[in-house]
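Visitor: So I've got this file, query.csv, and it contains CSV, C-alpha atoms:
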chain,number,residue,atom,x,y,z
A,1,MET,CA,-199.6,25.2,3.9
A,2,GLU,CA,-201.8,22.3,3.2
A,3,ILE,CA,-201.5,21.2,6.8
A,4,ILE,CA,-202.9,24.5,7.9
A,5,THR,CA,-205.7,24.7,5.4
A,6,GLN,CA,-207.1,21.3,6.3
A,7,PRO,CA,-209.3,21.0,9.4
A,8,TRP,CA,-207.2,20.9,12.5
A,9,PRO,CA,-207.4,17.7,14.6
A,10,TRP,CA,-208.3,17.7,18.3
A,11,TYR,CA,-204.7,17.0,19.3
A,12,ILE,CA,-203.6,20.3,17.8
A,13,ALA,CA,-206.7,22.3,18.9
A,14,GLY,CA,-206.6,21.2,22.6
A,15,PRO,CA,-203.0,22.1,23.2
A,16,VAL,CA,-203.4,25.5,21.3
A,17,ILE,CA,-206.3,26.3,23.6
A,18,ALA,CA,-204.2,25.4,26.7
A,19,LEU,CA,-201.5,27.7,25.3
A,20,ILE,CA,-204.0,30.5,24.9
A,21,MET,CA,-205.1,30.1,28.5
A,22,PHE,CA,-201.4,30.1,29.6
A,23,LEU,CA,-200.7,33.3,27.7
A,24,LEU,CA,-203.6,35.1,29.1
A,25,PHE,CA,-202.6,34.3,32.7
A,26,TYR,CA,-198.9,35.0,31.9
A,27,PHE,CA,-200.0,38.4,30.6
A,28,GLY,CA,-201.6,39.1,34.0
A,29,GLU,CA,-205.2,38.5,33.1
A,30,HIS,CA,-207.4,35.4,32.8
A,31,PHE,CA,-209.5,33.3,30.3
A,32,GLY,CA,-213.2,33.9,30.4
A,33,VAL,CA,-215.3,35.0,27.4
A,34,SER,CA,-218.8,35.4,28.9
A,35,SER,CA,-217.8,38.2,31.2
A,36,ASN,CA,-217.6,40.4,28.1
A,37,LEU,CA,-221.4,40.2,28.0
A,38,GLU,CA,-221.6,41.9,31.3
A,39,THR,CA,-219.1,44.5,30.1
A,40,PHE,CA,-221.4,45.2,27.1
A,41,CYS,CA,-224.2,45.8,29.6
A,42,SER,CA,-222.1,48.1,31.7
A,43,ILE,CA,-221.0,50.1,28.6
A,44,GLY,CA,-224.6,50.3,27.4
A,45,GLY,CA,-225.8,51.9,30.7
A,46,ALA,CA,-227.3,48.9,32.5
A,47,GLY,CA,-225.9,50.4,35.7
A,48,LYS,CA,-229.1,52.6,35.6
A,49,PHE,CA,-231.2,49.4,36.3
A,50,THR,CA,-229.1,47.6,38.8
A,51,ASN,CA,-225.9,48.2,40.7
A,52,TYR,CA,-224.6,44.8,39.5
A,53,PHE,CA,-223.5,46.6,36.3
A,54,LYS,CA,-222.0,49.6,38.0
A,55,ILE,CA,-218.4,48.4,37.4
A,56,ASP,CA,-215.3,50.1,36.1
A,57,TRP,CA,-215.5,48.4,32.8
A,58,LYS,CA,-212.3,50.0,31.6
A,59,GLN,CA,-210.4,47.3,33.5
A,60,ASN,CA,-212.0,44.8,31.1
A,61,ILE,CA,-210.8,46.4,27.9
A,62,TRP,CA,-208.1,43.8,27.4
A,63,ASN,CA,-210.9,41.2,27.2
A,64,LEU,CA,-212.9,43.2,24.6
A,65,ILE,CA,-209.7,43.5,22.6
A,66,PHE,CA,-209.3,39.7,22.9
A,67,ILE,CA,-212.7,39.1,21.4
A,68,ALA,CA,-212.0,41.7,18.7
A,69,GLY,CA,-208.9,39.6,17.9
A,70,ALA,CA,-211.2,36.5,17.8
A,71,ILE,CA,-213.4,38.1,15.2
A,72,VAL,CA,-210.4,39.0,13.1
A,73,GLY,CA,-209.1,35.4,13.6
A,74,GLY,CA,-212.4,34.1,12.3
A,75,PHE,CA,-212.1,36.3,9.3
A,76,ILE,CA,-208.5,35.3,8.5
A,77,SER,CA,-209.4,31.7,8.9
A,78,ALA,CA,-212.4,31.8,6.6
A,79,GLN,CA,-210.7,34.0,4.0
A,80,TRP,CA,-207.2,32.5,3.7
A,81,LEU,CA,-206.8,29.4,5.8
A,82,SER,CA,-209.6,27.1,4.7
A,83,SER,CA,-209.6,24.9,1.7
A,84,THR,CA,-213.2,23.6,2.4
A,85,ASP,CA,-216.3,24.8,4.3
A,86,SER,CA,-217.7,21.3,4.8
A,87,ILE,CA,-217.5,19.4,8.0
A,88,ALA,CA,-216.7,15.7,8.0
A,89,LEU,CA,-219.4,14.6,10.4
A,90,ASN,CA,-220.2,11.1,11.5
A,91,PRO,CA,-222.6,9.7,8.8
A,92,GLN,CA,-224.9,8.7,11.7
A,93,THR,CA,-225.1,12.4,12.8
A,94,VAL,CA,-226.0,13.4,9.3
A,95,GLN,CA,-228.7,10.8,9.2
A,96,ASP,CA,-230.0,11.7,12.7
A,97,LEU,CA,-230.2,15.4,11.7
A,98,ALA,CA,-232.0,14.6,8.5
A,99,ASP,CA,-234.6,12.6,10.6
A,100,ILE,CA,-235.4,15.7,12.6
A,101,GLY,CA,-235.6,18.0,9.6
A,102,ILE,CA,-232.1,19.4,9.2
A,103,GLN,CA,-230.9,18.3,5.7
A,104,ASN,CA,-227.4,18.3,4.2
A,105,ALA,CA,-225.7,18.4,7.6
A,106,GLY,CA,-222.0,19.2,7.3
A,107,ALA,CA,-222.2,20.8,3.9
A,108,SER,CA,-221.1,24.0,5.6
A,109,TYR,CA,-220.3,25.1,9.1
A,110,LEU,CA,-223.8,26.0,10.1
A,111,PRO,CA,-227.3,24.7,9.2
A,112,ASP,CA,-229.3,27.1,7.0
A,113,LYS,CA,-232.4,26.0,8.8
A,114,ILE,CA,-231.2,28.1,11.8
A,115,PHE,CA,-228.7,30.6,10.4
A,116,SER,CA,-229.7,31.6,6.9
A,117,ILE,CA,-230.8,35.2,6.4
A,118,GLU,CA,-234.3,34.0,5.4
A,119,THR,CA,-234.6,32.1,8.7
A,120,MET,CA,-233.4,35.0,10.7
A,121,LEU,CA,-236.0,37.3,9.1
A,122,SER,CA,-238.8,34.8,9.9
A,123,PHE,CA,-240.6,35.1,13.2
A,124,LYS,CA,-239.8,31.6,14.5
A,125,GLY,CA,-236.3,31.7,13.2
A,126,PHE,CA,-235.5,35.0,14.9
A,127,LEU,CA,-237.1,33.8,18.1
A,128,VAL,CA,-234.9,30.6,18.1
A,129,LEU,CA,-231.7,32.6,17.7
A,130,LEU,CA,-232.7,35.2,20.3
A,131,ILE,CA,-233.8,32.6,22.9
A,132,ALA,CA,-230.7,30.5,22.3
A,133,GLY,CA,-228.6,33.6,23.0
A,134,ILE,CA,-230.6,34.5,26.1
A,135,MET,CA,-230.2,31.1,27.6
A,136,VAL,CA,-226.4,31.2,26.9
A,137,GLY,CA,-226.0,34.6,28.4
A,138,PHE,CA,-228.3,34.2,31.4
A,139,GLY,CA,-227.0,30.7,32.1
A,140,ALA,CA,-223.3,31.6,31.8
A,141,ARG,CA,-223.6,34.6,34.2
A,142,TRP,CA,-225.7,32.6,36.7
A,143,ALA,CA,-223.2,29.8,36.7
A,144,GLY,CA,-220.4,32.3,36.8
A,145,GLY,CA,-218.7,31.2,33.6
A,146,CYS,CA,-219.0,29.5,30.3
A,147,THR,CA,-216.9,26.8,28.5
A,148,SER,CA,-213.7,28.9,28.8
A,149,GLY,CA,-214.0,30.0,32.4
A,150,HIS,CA,-215.6,26.8,33.8
A,151,ALA,CA,-214.8,23.9,31.5
A,152,ILE,CA,-211.2,24.9,30.6
A,153,VAL,CA,-209.9,27.1,33.5
A,154,GLY,CA,-212.1,25.8,36.3
A,155,LEU,CA,-211.5,22.1,35.6
A,156,SER,CA,-207.8,22.7,35.0
A,157,ASN,CA,-207.7,24.3,38.4
A,158,LEU,CA,-209.7,21.3,39.9
A,159,GLU,CA,-212.6,23.6,41.1
A,160,ILE,CA,-215.7,21.8,42.4
A,161,PRO,CA,-218.0,24.7,41.3
A,162,SER,CA,-216.7,24.3,37.8
A,163,LEU,CA,-217.3,20.5,37.9
A,164,ILE,CA,-220.9,21.1,39.0
A,165,SER,CA,-221.3,23.7,36.2
A,166,VAL,CA,-219.9,21.4,33.5
A,167,ILE,CA,-222.2,18.6,34.7
A,168,GLY,CA,-225.0,21.2,34.3
A,169,PHE,CA,-223.8,22.1,30.8
A,170,PHE,CA,-224.1,18.4,29.9
A,171,ILE,CA,-227.5,17.9,31.4
A,172,GLY,CA,-228.8,21.0,29.5
A,173,GLY,CA,-226.9,20.0,26.3
A,174,LEU,CA,-228.3,16.4,26.4
A,175,LEU,CA,-231.9,17.6,27.0
A,176,MET,CA,-231.7,20.0,24.1
A,177,THR,CA,-230.0,17.5,21.7
A,178,TRP,CA,-232.2,14.4,22.5
A,179,PHE,CA,-235.6,15.8,23.5
A,180,ILE,CA,-236.1,19.5,22.6
A,181,LEU,CA,-234.4,19.9,19.2
A,182,PRO,CA,-236.6,17.2,17.5
A,183,LEU,CA,-239.7,19.2,18.7
A,184,ILE,CA,-238.4,22.5,17.2
A,185,PHE,CA,-237.7,21.6,13.6
B,1,MET,CA,-200.2,49.5,22.6
B,2,LYS,CA,-199.9,47.3,25.7
B,3,HIS,CA,-203.1,45.6,24.7
B,4,ILE,CA,-201.8,44.4,21.3
B,5,LYS,CA,-200.8,41.1,22.9
B,6,PHE,CA,-204.4,40.4,23.8
B,7,PHE,CA,-205.4,41.1,20.3
B,8,LEU,CA,-202.9,38.7,18.9
B,9,VAL,CA,-203.9,35.9,21.4
B,10,GLY,CA,-207.5,36.6,20.3
B,11,VAL,CA,-206.6,36.2,16.7
B,12,LEU,CA,-205.0,32.8,17.5
B,13,PHE,CA,-208.1,31.9,19.5
B,14,GLY,CA,-210.3,32.8,16.5
B,15,ILE,CA,-208.2,30.8,14.1
B,16,VAL,CA,-208.1,27.6,16.3
B,17,MET,CA,-211.9,27.8,17.0
B,18,SER,CA,-212.5,28.1,13.3
B,19,LYS,CA,-209.9,25.6,12.0
B,20,ALA,CA,-210.8,22.9,14.5
B,21,GLU,CA,-214.5,23.4,13.6
B,22,ILE,CA,-215.4,24.2,17.2
B,23,ILE,CA,-217.6,27.1,15.8
B,24,SER,CA,-219.6,24.6,13.9
B,25,TRP,CA,-223.2,24.0,15.1
B,26,TYR,CA,-222.9,20.4,13.9
B,27,ARG,CA,-219.8,19.6,16.0
B,28,ILE,CA,-221.7,20.5,19.2
B,29,TYR,CA,-224.7,18.4,18.2
B,30,GLU,CA,-222.4,15.5,17.3
B,31,MET,CA,-220.7,15.7,20.7
B,32,PHE,CA,-223.9,15.5,22.6
B,33,LYS,CA,-225.0,12.6,20.4
B,34,PHE,CA,-221.7,10.9,21.5
B,35,GLN,CA,-220.9,10.3,17.8
B,36,SER,CA,-217.5,11.8,17.7
B,37,PHE,CA,-214.4,12.0,19.9
B,38,HIS,CA,-213.4,15.4,18.4
B,39,MET,CA,-214.8,17.8,20.9
B,40,TYR,CA,-214.0,15.5,23.9
B,41,GLY,CA,-210.4,15.3,22.7
B,42,ILE,CA,-210.1,19.0,22.4
B,43,ILE,CA,-211.6,19.8,25.8
B,44,GLY,CA,-209.9,16.9,27.5
B,45,SER,CA,-206.4,17.7,26.2
B,46,ALA,CA,-206.8,21.4,26.9
B,47,VAL,CA,-207.8,20.6,30.5
B,48,PHE,CA,-205.0,18.0,30.9
B,49,LEU,CA,-202.3,20.5,29.8
B,50,GLY,CA,-204.1,23.3,31.6
B,51,MET,CA,-203.6,21.4,34.9
B,52,PHE,CA,-199.8,21.7,34.5
B,53,SER,CA,-200.1,25.5,33.9
B,54,MET,CA,-202.3,25.9,36.9
B,55,PHE,CA,-199.9,23.8,39.1
B,56,PHE,CA,-197.0,26.0,38.1
B,57,PHE,CA,-199.0,29.2,38.7
B,58,ARG,CA,-200.2,28.1,42.1
B,59,LYS,CA,-196.7,27.0,43.2
B,60,LYS,CA,-195.4,30.4,41.9
B,61,ILE,CA,-192.9,28.7,39.7
B,62,ILE,CA,-194.3,30.6,36.8
B,63,LYS,CA,-195.1,34.3,37.3
B,64,THR,CA,-196.5,36.9,34.9
B,65,PHE,CA,-194.2,38.5,32.4
B,66,GLU,CA,-193.9,41.4,34.8
B,67,GLY,CA,-192.8,39.1,37.6
B,68,ASN,CA,-196.0,39.2,39.6
B,69,ASP,CA,-197.6,36.1,41.2
B,70,ILE,CA,-200.5,34.7,39.2
B,71,HIS,CA,-203.7,34.5,41.1
B,72,ILE,CA,-206.5,32.3,39.8
B,73,ALA,CA,-209.7,33.7,41.2
B,74,PRO,CA,-211.7,30.9,42.8
B,75,LYS,CA,-215.1,30.1,41.2
B,76,LYS,CA,-218.2,31.1,43.2
B,77,LYS,CA,-219.6,28.2,45.3
B,78,GLY,CA,-223.2,27.3,45.3
B,79,MET,CA,-225.1,24.3,44.1
B,80,TYR,CA,-228.1,26.1,42.5
B,81,ARG,CA,-226.0,28.7,40.8
B,82,ASN,CA,-223.7,26.3,39.2
B,83,LEU,CA,-226.1,23.5,38.4
B,84,LEU,CA,-229.2,25.5,37.2
B,85,GLY,CA,-227.1,28.2,35.5
B,86,GLY,CA,-225.1,25.4,33.9
B,87,ILE,CA,-228.2,23.6,32.6
B,88,LEU,CA,-229.6,26.8,31.1
B,89,PHE,CA,-226.3,27.4,29.5
B,90,GLY,CA,-226.2,23.9,28.1
B,91,LEU,CA,-229.7,24.2,26.6
B,92,GLY,CA,-228.6,27.4,24.8
B,93,TRP,CA,-225.2,26.0,23.8
B,94,VAL,CA,-226.8,23.3,21.7
B,95,LEU,CA,-229.6,25.4,20.3
B,96,ALA,CA,-227.2,28.2,19.2
B,97,GLY,CA,-224.4,25.7,18.5
B,98,ALA,CA,-222.0,28.1,20.0
B,99,CYS,CA,-220.8,29.2,23.4
B,100,PRO,CA,-219.7,32.9,23.9
B,101,GLY,CA,-216.2,32.6,22.3
B,102,PRO,CA,-217.3,31.0,19.0
B,103,MET,CA,-220.1,33.5,18.7
B,104,PHE,CA,-217.6,36.2,18.0
B,105,VAL,CA,-215.5,34.0,15.7
B,106,LEU,CA,-218.6,33.5,13.6
B,107,VAL,CA,-219.0,37.2,13.2
B,108,GLY,CA,-215.6,37.2,11.6
B,109,LYS,CA,-216.7,34.4,9.4
B,110,GLY,CA,-219.4,36.6,8.1
B,111,ILE,CA,-222.5,35.0,9.7
B,112,VAL,CA,-224.9,37.8,10.0
B,113,SER,CA,-227.6,35.9,12.0
B,114,ILE,CA,-225.1,35.2,14.9
B,115,LEU,CA,-225.5,38.9,15.8
B,116,VAL,CA,-229.0,38.1,17.0
B,117,VAL,CA,-227.6,35.4,19.2
B,118,ILE,CA,-224.9,37.8,20.6
B,119,PHE,CA,-227.7,40.4,21.2
B,120,GLY,CA,-229.7,37.7,23.0
B,121,ALA,CA,-226.7,36.6,25.1
B,122,THR,CA,-226.0,40.2,26.1
B,123,PHE,CA,-229.7,40.6,27.0
B,124,GLY,CA,-229.6,37.4,28.9
B,125,ALA,CA,-226.6,38.6,30.9
B,126,PHE,CA,-228.6,41.8,31.5
B,127,LEU,CA,-231.7,39.9,32.7
B,128,TYR,CA,-229.4,37.9,35.1
B,129,GLY,CA,-228.2,41.1,36.6
B,130,VAL,CA,-231.7,42.4,37.0
B,131,PHE,CA,-233.2,39.2,38.6
B,132,LYS,CA,-230.0,38.1,40.4
B,133,ASP,CA,-231.4,38.7,43.9
B,134,LYS,CA,-234.5,36.7,43.2
B,135,LEU,CA,-232.6,33.6,42.0
B,136,PRO,CA,-231.3,30.7,44.1
B,137,HIS,CA,-227.5,30.7,44.3
Can you turn what I pasted into structure tokens?
Guide:
Amino acid sequence: MEIITQPWPWYIAGPVIALIMFLLFYFGEHFGVSSNLETFCSIGGAGKFTNYFKIDWKQNIWNLIFIAGAIVGGFISAQWLSSTDSIALNPQTVQDLADIGIQNAGASYLPDKIFSIETMLSFKGFLVLLIAGIMVGFGARWAGGCTSGHAIVGLSNLEIPSLISVIGFFIGGLLMTWFILPLIF
Amino acid sequence: MKHIKFFLVGVLFGIVMSKAEIISWYRIYEMFKFQSFHMYGIIGSAVFLGMFSMFFFRKKIIKTFEGNDIHIAPKKKGMYRNLLGGILFGLGWVLAGACPGPMFVLVGKGIVSILVVIFGATFGAFLYGVFKDKLPH
């Protein structure tokens, strides 16, 4: 049990993700989380604004059930499978974050400076969460996939469009990490 | 009931995302600072093993549990779409510290504020649908 409650190393997590992708294809579907965002739009009536969302979303129910499972998995993991909530970060990362105004990095999974209820209820905090989400959703659908569809499935399938997208993910990620985050906090 | 298998695979997904700390904002930042091998090891080993799955699927050596061929839908081509969409996604990925999968896992962990991010992501997908024809692809 102790092996399970400790943080899982990369060489367990990577193969488990590969297994998840295998199972989804074996069950006749595919692996791609961000398409659920479009399904939400279709269910919410976005087809009234553009034909893009006029799809038969019922064929995507399996994927909604998959993310429902992911929510339950997150709950199970937090409730019963975790002995600690702290993250063993590189000490240099902790120092770098302190330098840009994010203290106690790694004390829990997420920085309070972005995710605490107080931050969420502040104007700037709310805007940061909302804009971050908009960039993820808009970017993923423009690129035609996110980390699951492009980085895992697309790269595994040796797809050039996915390689270009993943290079894009990295350009954006590096810009945010090195140049934009220090300006925000 | 035929959907219960997707639920169970989703539960496994939620557990591995959480236990391997992939849902941690800090792990994403650390990756882009090149200060840890953790995330590279996860993505790299998943892709390496995934290549074998894809090979067996393409060669029709492995079929679905119902015996059908497995088709892997090709990704849409287009330099602008993939690069610009990718960059925008990357910016959001670091700021939110979560890509779409982990966002849902964080709901299960009880993080209320991630709902704002999920709302934003859904709204972002909506905006893409509305402005799609005006964007380069």
Visitor: For Ile43 of chain B, which of B:Met1, B:Met17, B:Leu106, B:Leu115 is the closest residue, counting only C-alpha atoms?
Guide: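 Among the listed residues, B:Met17 lies closest to Ile43 of chain B.
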Visitor: Could you give me, as an NGL selection string, the residues within 7 Å of segment 161-167 of chain A, counting only C-alpha atoms and dropping anything in the same chain fewer than 4 positions from it?
Guide: (:A and (143 or 150-151 or 154-155 or 171)) or (:B and (75-77 or 82-83 or 86))
Visitor: If we count all atoms listed in the file, what is near Leu89 of chain A at a cut-off of 9 Å, once residues fewer than 6 positions away on the same chain are taken out, given as a PDB file with C-alpha atoms, in the frame of the given file?
Guide:
ATOM      1  CA  ALA A 105    -225.700  18.400   7.600  1.00  0.00           C
ATOM      2  CA  GLY A 106    -222.000  19.200   7.300  1.00  0.00           C
TER       3      GLY A 106
ATOM      4  CA  TYR B  26    -222.900  20.400  13.900  1.00  0.00           C
ATOM      5  CA  ARG B  27    -219.800  19.600  16.000  1.00  0.00           C
ATOM      6  CA  GLU B  30    -222.400  15.500  17.300  1.00  0.00           C
ATOM      7  CA  GLN B  35    -220.900  10.300  17.800  1.00  0.00           C
ATOM      8  CA  SER B  36    -217.500  11.800  17.700  1.00  0.00           C
TER       9      SER B  36
END
Visitor: Report, in Å to a single decimal, how far apart atom CA of Met39 of chain B and atom CA of Phe52 of chain B are.
Guide: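 Atom-to-atom, atom CA of Phe52 of chain B and atom CA of Met39 of chain B are spaced 20.6 Å apart.
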Visitor: So that each row is one residue of segment 55-163 of chain A with an atom at most 9 Å from segment 93-97 of chain B, can you give its shortest atom pair and the distance in Å to one decimal, using all atoms listed in the file, rows by chain and rising number, as JSON lines?
Guide:
{"residue": "A:Leu110", "atom": "CA", "partner": "B:Gly97", "partner_atom": "CA", "distance": 8.4}
{"residue": "A:Ile114", "atom": "CA", "partner": "B:Ala96", "partner_atom": "CA", "distance": 8.4}
{"residue": "A:Val128", "atom": "CA", "partner": "B:Leu95", "partner_atom": "CA", "distance": 7.7}
{"residue": "A:Leu129", "atom": "CA", "partner": "B:Ala96", "partner_atom": "CA", "distance": 6.5}
{"residue": "A:Leu130", "atom": "CA", "partner": "B:Ala96", "partner_atom": "CA", "distance": 9.0}
{"residue": "A:Ile131", "atom": "CA", "partner": "B:Leu95", "partner_atom": "CA", "distance": 8.7}
{"residue": "A:Ala132", "atom": "CA", "partner": "B:Ala96", "partner_atom": "CA", "distance": 5.2}
{"residue": "A:Gly133", "atom": "CA", "partner": "B:Ala96", "partner_atom": "CA", "distance": 6.7}
{"residue": "A:Met135", "atom": "CA", "partner": "B:Trp93", "partner_atom": "CA", "distance": 8.1}
{"residue": "A:Val136", "atom": "CA", "partner": "B:Trp93", "partner_atom": "CA", "distance": 6.2}
Visitor: One decimal, in Å: what's the spacing between atom CA of Gly10 of chain B and atom CA of Gly73 of chain A?
Guide: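 Atom-to-atom, atom CA of Gly10 of chain B and atom CA of Gly73 of chain A are spaced 7.0 Å apart.
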Visitor: As an exercise, work out the distance from atom CA of Phe7 of chain B to atom CA of Val47 of chain B in Å and give it to one decimal place.
Guide: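 Computing it gives 23.0 Å between the two atoms.
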Visitor: Might you pull out every residue within 7 Å of Ile100 of chain A, with only C-alpha atoms counted and same-chain residues fewer than 4 positions away left off, and present them as an MDAnalysis selection string?
Guide: chainID A and resid 96 182 185
Visitor: I'd like the neighbourhood of Ile4 of chain A as a list in words, where a residue qualifies if any of its atoms comes within 12 Å (using all atoms listed in the file), though same-chain residues fewer than 2 positions away should be ignored.
Guide: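 So, after excluding close chain neighbours, the residues are Met1, Glu2, Gln6, Pro7, Trp8, Pro9, Ile12, Ala13, Ser77, Trp80, Leu81, Ser82, Ser83 and Thr84 of chain A; Ile15, Val16, Ser18, Lys19 and Ala20 of chain B.
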Visitor: Please provide as a compact mmCIF listing (two decimals) with C-alpha atoms, in the coordinates of the input all residues within 12 Å of Ile55 of chain A, with the sequence filter that same-chain residues fewer than 5 positions apart are discarded (counting only C-alpha atoms).
Guide:
# COMPACT_ATOMS: atom_id res chain seq x y z
CA SER A 35 -217.80 38.20 31.20
CA GLU A 38 -221.60 41.90 31.30
CA THR A 39 -219.10 44.50 30.10
CA PHE A 40 -221.40 45.20 27.10
CA CYS A 41 -224.20 45.80 29.60
CA SER A 42 -222.10 48.10 31.70
CA ILE A 43 -221.00 50.10 28.60
CA GLY A 44 -224.60 50.30 27.40
CA GLY A 45 -225.80 51.90 30.70
CA ALA A 46 -227.30 48.90 32.50
CA GLY A 47 -225.90 50.40 35.70
CA LYS A 48 -229.10 52.60 35.60
CA THR A 50 -229.10 47.60 38.80
CA ASN A 60 -212.00 44.80 31.10
Visitor: Taking into account all atoms listed in the file, which residue in the set B:Ile87, B:Ala98, B:Ile22, B:Ile4 is nearest to chain A?
Guide: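 Of the candidates, the smallest distance to chain A is held by B:Ile87.
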Visitor: Return the single residue from A:Asp85, A:Leu64, A:Gly125, A:His30 that is closest to Asp112 of chain A, with distances computed using all atoms listed in the file.
Guide: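 Smallest distance to Asp112 of chain A is found for A:Gly125.
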Visitor: When distances are computed from all atoms listed in the file, which of A:Ile3, A:Ala18, A:Ala107, A:Leu97 shows the smallest separation from chain B?
Guide: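 Using all atoms listed in the file, the shortest distance to chain B belongs to A:Ala18.
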Visitor: So, counting all atoms listed in the file, which residue among B:Ser24, B:Lys5, B:Lys59, B:Met103 is closest to chain A?
Guide: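 Ranked by minimum distance to chain A, first place goes to B:Ser24.
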Visitor: Neighbourhood query: residues within 7 Å of (-229.3, 36.5, 14.7), file coordinates, counting all atoms listed in the file; return as a ChimeraX atom specification.
Guide: /A:120,126,129-130 /B:112-117
Visitor: Which is closest to Gly139 of chain A among A:Gly172, A:Thr5, A:Leu23, A:Pro111, if we use all atoms listed in the file?
Guide: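 Using all atoms listed in the file, the shortest distance to Gly139 of chain A belongs to A:Gly172.
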Visitor: Can you give me N, CA and C atoms for segment 111-127 of chain A, written as a PDB file, in the frame of the given file?
Guide:
ATOM      1  N   PRO A 111    -226.107  25.063   9.958  1.00  0.00           N
ATOM      2  CA  PRO A 111    -227.300  24.700   9.200  1.00  0.00           C
ATOM      3  C   PRO A 111    -228.094  25.988   8.785  1.00  0.00           C
ATOM      4  N   ASP A 112    -228.454  26.022   7.490  1.00  0.00           N
ATOM      5  CA  ASP A 112    -229.300  27.100   7.000  1.00  0.00           C
ATOM      6  C   ASP A 112    -230.586  27.240   7.713  1.00  0.00           C
ATOM      7  N   LYS A 113    -231.080  26.075   8.148  1.00  0.00           N
ATOM      8  CA  LYS A 113    -232.400  26.000   8.800  1.00  0.00           C
ATOM      9  C   LYS A 113    -232.416  26.910  10.061  1.00  0.00           C
ATOM     10  N   ILE A 114    -231.225  27.231  10.605  1.00  0.00           N
ATOM     11  CA  ILE A 114    -231.200  28.100  11.800  1.00  0.00           C
ATOM     12  C   ILE A 114    -230.525  29.439  11.479  1.00  0.00           C
ATOM     13  N   PHE A 115    -229.514  29.427  10.572  1.00  0.00           N
ATOM     14  CA  PHE A 115    -228.700  30.600  10.400  1.00  0.00           C
ATOM     15  C   PHE A 115    -228.800  31.381   9.119  1.00  0.00           C
ATOM     16  N   SER A 116    -229.607  30.895   8.167  1.00  0.00           N
ATOM     17  CA  SER A 116    -229.700  31.600   6.900  1.00  0.00           C
ATOM     18  C   SER A 116    -230.412  32.983   7.166  1.00  0.00           C
ATOM     19  N   ILE A 117    -230.179  33.931   6.264  1.00  0.00           N
ATOM     20  CA  ILE A 117    -230.800  35.200   6.400  1.00  0.00           C
ATOM     21  C   ILE A 117    -232.331  35.119   6.384  1.00  0.00           C
ATOM     22  N   GLU A 118    -232.840  34.227   5.499  1.00  0.00           N
ATOM     23  CA  GLU A 118    -234.300  34.000   5.400  1.00  0.00           C
ATOM     24  C   GLU A 118    -234.865  33.575   6.752  1.00  0.00           C
ATOM     25  N   THR A 119    -234.151  32.596   7.368  1.00  0.00           N
ATOM     26  CA  THR A 119    -234.600  32.100   8.700  1.00  0.00           C
ATOM     27  C   THR A 119    -234.586  33.208   9.704  1.00  0.00           C
ATOM     28  N   MET A 120    -233.501  33.973   9.698  1.00  0.00           N
ATOM     29  CA  MET A 120    -233.400  35.000  10.700  1.00  0.00           C
ATOM     30  C   MET A 120    -234.508  36.049  10.570  1.00  0.00           C
ATOM     31  N   LEU A 121    -234.955  36.261   9.338  1.00  0.00           N
ATOM     32  CA  LEU A 121    -236.000  37.300   9.100  1.00  0.00           C
ATOM     33  C   LEU A 121    -237.406  36.702   9.321  1.00  0.00           C
ATOM     34  N   SER A 122    -237.497  35.396   9.605  1.00  0.00           N
ATOM     35  CA  SER A 122    -238.800  34.800   9.900  1.00  0.00           C
ATOM     36  C   SER A 122    -239.060  34.952  11.419  1.00  0.00           C
ATOM     37  N   PHE A 123    -240.315  34.954  11.817  1.00  0.00           N
ATOM     38  CA  PHE A 123    -240.600  35.100  13.200  1.00  0.00           C
ATOM     39  C   PHE A 123    -240.054  34.034  14.096  1.00  0.00           C
ATOM     40  N   LYS A 124    -240.313  32.780  13.675  1.00  0.00           N
ATOM     41  CA  LYS A 124    -239.800  31.600  14.500  1.00  0.00           C
ATOM     42  C   LYS A 124    -238.309  31.584  14.460  1.00  0.00           C
ATOM     43  N   GLY A 125    -237.713  31.808  13.294  1.00  0.00           N
ATOM     44  CA  GLY A 125    -236.300  31.700  13.200  1.00  0.00           C
ATOM     45  C   GLY A 125    -235.574  32.760  14.065  1.00  0.00           C
ATOM     46  N   PHE A 126    -236.115  33.970  14.070  1.00  0.00           N
ATOM     47  CA  PHE A 126    -235.500  35.000  14.900  1.00  0.00           C
ATOM     48  C   PHE A 126    -235.650  34.686  16.367  1.00  0.00           C
ATOM     49  N   LEU A 127    -236.829  34.152  16.729  1.00  0.00           N
ATOM     50  CA  LEU A 127    -237.100  33.800  18.100  1.00  0.00           C
ATOM     51  C   LEU A 127    -236.117  32.696  18.604  1.00  0.00           C
TER      52      LEU A 127
END
